[in-house]
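Below is one structure, written out as structure tokens, with a few remarks after it.
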Amino acid sequence: MRNIFCTRISVFCVLAAITSARADEPANSAKWRVSQQSALQEVTRLEPQLKGVNKAIWEFAEVGLEERRSSKLLVEKLKAAGFEVQTGVAHMPTSFVASYGSGKPIIGILAEYDALPNLSQQVAPDRVTVTDGAPGHGCGHSGLGTAALGAALAVKAAIEKHKLPGTIRLYGTPAEETLIGKVYMQLDGQFKDLDVCLHWHPASVNNVWVMSSKAAVSVKFSFAGTAAHASGSPSSGRSALDAVELMNVGVNFMREHIKEDARIHYVITDGGGAPNVVPAKAESWYYVRANSHEDVEKYFAWVCDIAEGAAKMTRTKVKHQIDTDCHEIIGNRPLAELLHRNLTAVGAPKFSNDEKTFARKVQQSLIDEFGSKFPLAIDESIQPLSFADEPNKGSTDVGDISWFVPTCGLRVACFAADSPGHSWQNVACIGSTIGEKGTISAAKVLAVSALDLLEKPDVLTAAREDFAKRMESRKYTSLIPKGQNAPLKIR
């Protein structure tokens with residue numbers, strides 16, 4: 001009888017211990033090493049704080065190169081956690097590099113926090129601005145920077161607790177929307193000692209980014225003419241606006257004879273002051289994009305020739321200013337496989353009925369305007385890992401890092417399914433609990449993946465070997481004049 005009683009007590013104690021452990025451990029903890037369990041627990045502990053960071057940056061909604069409060073908040077959190085932080089790197093006041101740990105390997109995570117113009121929006125399923133004409137996070141960068149912060153803090157906690165060798169580094173990269181921050185940080189040598197670079201992006205799907213992107217050059221063409229009375233003495237004037245318009249016409253005819261993957265788009269940023277004055281100054285802002293930087297260089301030279309032709313036709317002068325020049329992303333198969341495994345193990349975020357109802361209401365505006373069809377409210381699945389060679393139609397300055405460092409990223413659902421990029425619908429979702437859930441999931445995946453790279457030399461070696469093969473026939477060139485600093489303001 002005593003033996004039975006003791007056996008029952010022992011079983012009870014074991015069950016109690018298991019139950020207690022489960023209360024403190026992340027779900028499916030058997031999948032993770034102890035260091036990763038510590039990181040996952042840290043993200044969970046930080047969850048209320050991370051939600052607050054996302055909300056704050058969402059409310060700040062600062063455009064590129066002007067993200068002062070957003071950058072300051074991230075830097076404060078990192079310094080408070082014991083990171084060594086260098087601010088204002090590469091002559092950009094809102095950039096920073098934060099490091100914790102020592103020695104190799106050095107694993108980098110990218111943070112972005114810039115908003116888009118004219119996308120101010122409340123957390124509401126209908127178009128309701130906070131402030132007319134103000135920016136908003138239509139690309140979800142409030143969540144992007146927050147998850148990167150959460151991952152870095154979680155890896156730091158694991159390094160500290162388990163005495164791990166190596167360094168975790170968080171890069172604060174301004175002005176991604178205008179393809180500036182990472183390009184100039186790369187030219188400044190900020191990534192030269194990095195072993196691997198990880199990134200992520202809020203999206204309407206859950207998958208690992210294995211595709212490439214479009215290379216792009218951002219350039220402003222300024223024409224100078226002669227002012228005159230448009231009615232009294234037009235023969236004495238030379239119109240800079242005429243030159244801008246002729247250039248645009250020429251480029252539009254050029255489009256017929258470029259590859260289908262290329263994109264050329266522009267806005268007129270200065271068209272003169274009044275119709276009764278011949279404009280002495282006019283300016284247009286161009287993006288020239290293609291799937292390869294080599295093609296961008298070729299098309300950019302063609303556009304410059306058209307600009308010179310427009311100047312000759314109007315007897316004006318033209319000069320151009322390159323703001324930035326970014327490259328296409330170079331993929332990395334071992335890193336993609338690592339991120340996919342960890343995304344699958346962490347799992348896609350799951351959403352409540354209320355959140356799905358909110359997403360459905362957000363989608364309604366797109367149904368009304370475009371006749372769109374949405375099979376899902378929010379995508380809770382994880383897409384299979386596919387290495388199909390199909391470049392993304394967008395551009396990102398992550399590409400320039402990937403030409404020097406093995407680089408890979410993932411996307412996590414933070415928006416209603418099939419939402420268009422750079423939309424008010426995305427602003428509403430990233431500021432809601434939908435965006436918060438995706439942000440927390442991304443922080444977990446980045447954290448456990450960074451720890452794999454710190455603790456598994458074979459994974460790091462495979463990533464380096466894959467990178468070396470992909471770069472064998474590539475040579476990095478930049479259209480940015482040597483020694484040029486990043487612009488202090490883009491608009």
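The way I read the labels, and the way they are meant: chains A, B, ... in the order of the structure tokens, residue 1 as the first residue of every chain, and ligand 1 as the first ligand shown, with later ones counted on from there.
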Inset, instruction - For Cys408 of chain A, please output as a ChimeraX atom specification all residues within 8 Å (counting only C-alpha atoms; exclusion window: fewer than 2 positions along the same chain). - result: /A:197-199,209-210,331-332,335-336,406,410
Segment 91-181 of chain A residues near segment 414-427 of chain A within 8 Å, closest pair each, using only C-alpha atoms, as CSV:
residue,atom,partner,partner_atom,distance
A:Leu116,CA,A:His422,CA,7.5
A:Leu119,CA,A:Trp424,CA,5.7
A:Ser120,CA,A:Trp424,CA,7.3
A:Gln121,CA,A:Trp424,CA,6.1
A:Gln122,CA,A:Val427,CA,7.7
A:Val123,CA,A:Val427,CA,7.5
A:Pro125,CA,A:Gln425,CA,7.4
A:Arg127,CA,A:Trp424,CA,7.0
A:Gly136,CA,A:Val427,CA,6.2
A:His137,CA,A:Val427,CA,5.0
A:Gly138,CA,A:His422,CA,4.3
A:Cys139,CA,A:His422,CA,5.3
A:Gly140,CA,A:Val427,CA,6.7
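Taking atom CA of Pro48 of chain A and atom CA of Gly64 of chain A as endpoints, the distance between them is 26.6 Å.
When the distance limit is 10 Å and only C-alpha atoms are what count, the residues near Lys220 of chain A, minus those fewer than 2 positions from it on the same chain, are A:Ser218, A:Ser222, A:Phe223, A:Tyr266, A:Val267, A:Ile268, A:Thr269, A:Glu283, A:Ser284, A:Trp285, A:Tyr286, A:Tyr287, A:Lys319, A:His320, A:Gln321, A:Ile322, A:Asp323.
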Inset, instruction - Find the residue from A:Leu385, A:Ala486, A:Val75, A:Leu451 that sits nearest to Ile168 of chain A; use only C-alpha atoms when measuring. - result: A:Leu451
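Between Arg289 of chain A and the candidates A:Arg341, A:Lys55, A:Arg238, A:Lys214, the tightest atom-to-atom separation, counting only C-alpha atoms, involves A:Lys214.
Nearest-residue note for Ala224 of chain A: choosing from A:Val445, A:Met247, A:Ala240, A:Leu343, the minimum distance belongs to A:Ala240, counting only C-alpha atoms.
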Inset, instruction - Among the residues of segment 147-324 of chain A, find those DSSP assigns to alpha helix (DSSP H) from the backbone and print them as a PyMOL selection string. - result: chain A and resi 147-162+181-187+240-254+293-314
Legend entry - Secondary structure check, strand (DSSP E or B) residues of segment 9-237 of chain A, as number ranges by chain: A: 63, 84-87, 96-102, 106-111, 115-116, 136, 166-172, 196-203, 207-209, 215-224, 226, 229
Can I get the selection written as a PDB file, in the first residue's frame, with C-alpha atoms?
ATOM      1  CA  VAL A  63       8.893  59.894 -43.990  1.00  0.00           C
ATOM      2  CA  GLU A  84      26.368  49.544 -27.811  1.00  0.00           C
ATOM      3  CA  VAL A  85      24.752  51.987 -30.260  1.00  0.00           C
ATOM      4  CA  GLN A  86      26.326  54.241 -32.859  1.00  0.00           C
ATOM      5  CA  THR A  87      23.952  56.834 -34.302  1.00  0.00           C
ATOM      6  CA  PHE A  96      22.095  53.642 -36.280  1.00  0.00           C
ATOM      7  CA  VAL A  97      24.042  50.441 -35.670  1.00  0.00           C
ATOM      8  CA  ALA A  98      23.472  48.582 -32.381  1.00  0.00           C
ATOM      9  CA  SER A  99      25.679  45.672 -31.271  1.00  0.00           C
ATOM     10  CA  TYR A 100      25.725  43.186 -28.421  1.00  0.00           C
ATOM     11  CA  GLY A 101      28.181  40.367 -27.790  1.00  0.00           C
ATOM     12  CA  SER A 102      31.723  39.889 -29.015  1.00  0.00           C
ATOM     13  CA  ILE A 106      28.321  38.603 -36.520  1.00  0.00           C
ATOM     14  CA  ILE A 107      24.655  38.251 -37.417  1.00  0.00           C
ATOM     15  CA  GLY A 108      22.821  41.323 -38.640  1.00  0.00           C
ATOM     16  CA  ILE A 109      19.107  42.122 -38.589  1.00  0.00           C
ATOM     17  CA  LEU A 110      17.644  45.030 -40.550  1.00  0.00           C
ATOM     18  CA  ALA A 111      15.190  47.558 -39.125  1.00  0.00           C
ATOM     19  CA  ALA A 115       6.342  55.968 -43.603  1.00  0.00           C
ATOM     20  CA  LEU A 116       4.803  57.021 -46.922  1.00  0.00           C
ATOM     21  CA  GLY A 136       1.107  56.770 -42.890  1.00  0.00           C
ATOM     22  CA  GLY A 166      29.318  35.882 -31.349  1.00  0.00           C
ATOM     23  CA  THR A 167      27.614  39.214 -31.951  1.00  0.00           C
ATOM     24  CA  ILE A 168      24.058  40.271 -32.744  1.00  0.00           C
ATOM     25  CA  ARG A 169      23.788  43.563 -34.598  1.00  0.00           C
ATOM     26  CA  LEU A 170      20.688  45.596 -35.398  1.00  0.00           C
ATOM     27  CA  TYR A 171      20.932  48.058 -38.268  1.00  0.00           C
ATOM     28  CA  GLY A 172      18.615  51.050 -38.231  1.00  0.00           C
ATOM     29  CA  VAL A 196      24.913  37.008 -42.458  1.00  0.00           C
ATOM     30  CA  CYS A 197      22.097  39.514 -42.788  1.00  0.00           C
ATOM     31  CA  LEU A 198      18.456  38.714 -41.986  1.00  0.00           C
ATOM     32  CA  HIS A 199      15.400  40.803 -42.755  1.00  0.00           C
ATOM     33  CA  TRP A 200      11.622  40.573 -42.901  1.00  0.00           C
ATOM     34  CA  HIS A 201       8.632  42.509 -44.210  1.00  0.00           C
ATOM     35  CA  PRO A 202       4.967  42.798 -43.233  1.00  0.00           C
ATOM     36  CA  ALA A 203       2.802  41.292 -45.963  1.00  0.00           C
ATOM     37  CA  ASN A 207       6.541  32.893 -46.725  1.00  0.00           C
ATOM     38  CA  VAL A 208      10.282  33.180 -47.141  1.00  0.00           C
ATOM     39  CA  TRP A 209      11.582  35.738 -49.609  1.00  0.00           C
ATOM     40  CA  ALA A 215      17.455  47.263 -59.399  1.00  0.00           C
ATOM     41  CA  ALA A 216      16.624  50.966 -59.540  1.00  0.00           C
ATOM     42  CA  VAL A 217      18.168  54.390 -59.890  1.00  0.00           C
ATOM     43  CA  SER A 218      16.410  57.453 -58.472  1.00  0.00           C
ATOM     44  CA  VAL A 219      17.418  60.665 -60.236  1.00  0.00           C
ATOM     45  CA  LYS A 220      16.216  64.248 -60.588  1.00  0.00           C
ATOM     46  CA  PHE A 221      16.628  66.168 -63.869  1.00  0.00           C
ATOM     47  CA  SER A 222      16.772  69.947 -63.471  1.00  0.00           C
ATOM     48  CA  PHE A 223      16.392  72.229 -66.476  1.00  0.00           C
ATOM     49  CA  ALA A 224      17.414  75.896 -66.537  1.00  0.00           C
ATOM     50  CA  THR A 226      15.238  82.051 -69.277  1.00  0.00           C
ATOM     51  CA  HIS A 229       6.572  87.508 -69.982  1.00  0.00           C
TER      52      HIS A 229
END
Inset, instruction - Calculate how many Å separate atom CA of Cys429 of chain A from atom CA of Val128 of chain A, rounding to one decimal. - result: 13.0 Å
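Counting only C-alpha atoms and comparing A:Val346, A:Leu187, A:Asp466, A:Glu176, the residue that lies closest to Lys31 of chain A is A:Val346.
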Legend entry - Residue nearest Ser449 of chain A - candidates A:Arg470, A:Lys475, A:Lys312, A:His340, atoms counted: only C-alpha atoms: A:His340
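If you count only C-alpha atoms and ignore residues fewer than 2 places along the chain from Val34 of chain A, what sits within 12 Å of it is Glu25, Pro26, Ser29, Ala30, Lys31, Trp32, Gln36, Gln37, Ser38, Ala39, Leu40, Gln41, Ala157, Ala158, Ile159, Lys161, His162, Lys163, Leu164, Val448, Leu451, Asp452 and Glu455 of chain A.
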Legend entry - Exercise: Met92 of chain A partners within 10 Å, only C-alpha atoms, chain neighbours under 2 positions left out, as an MDAnalysis selection string: chainID A and resid 65:66 87:90 94:96 173:175 180:181 184:185 485:489
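Picture a line from atom CA of Asp270 of chain A to atom CA of Ala227 of chain A; it runs 14.5 Å.
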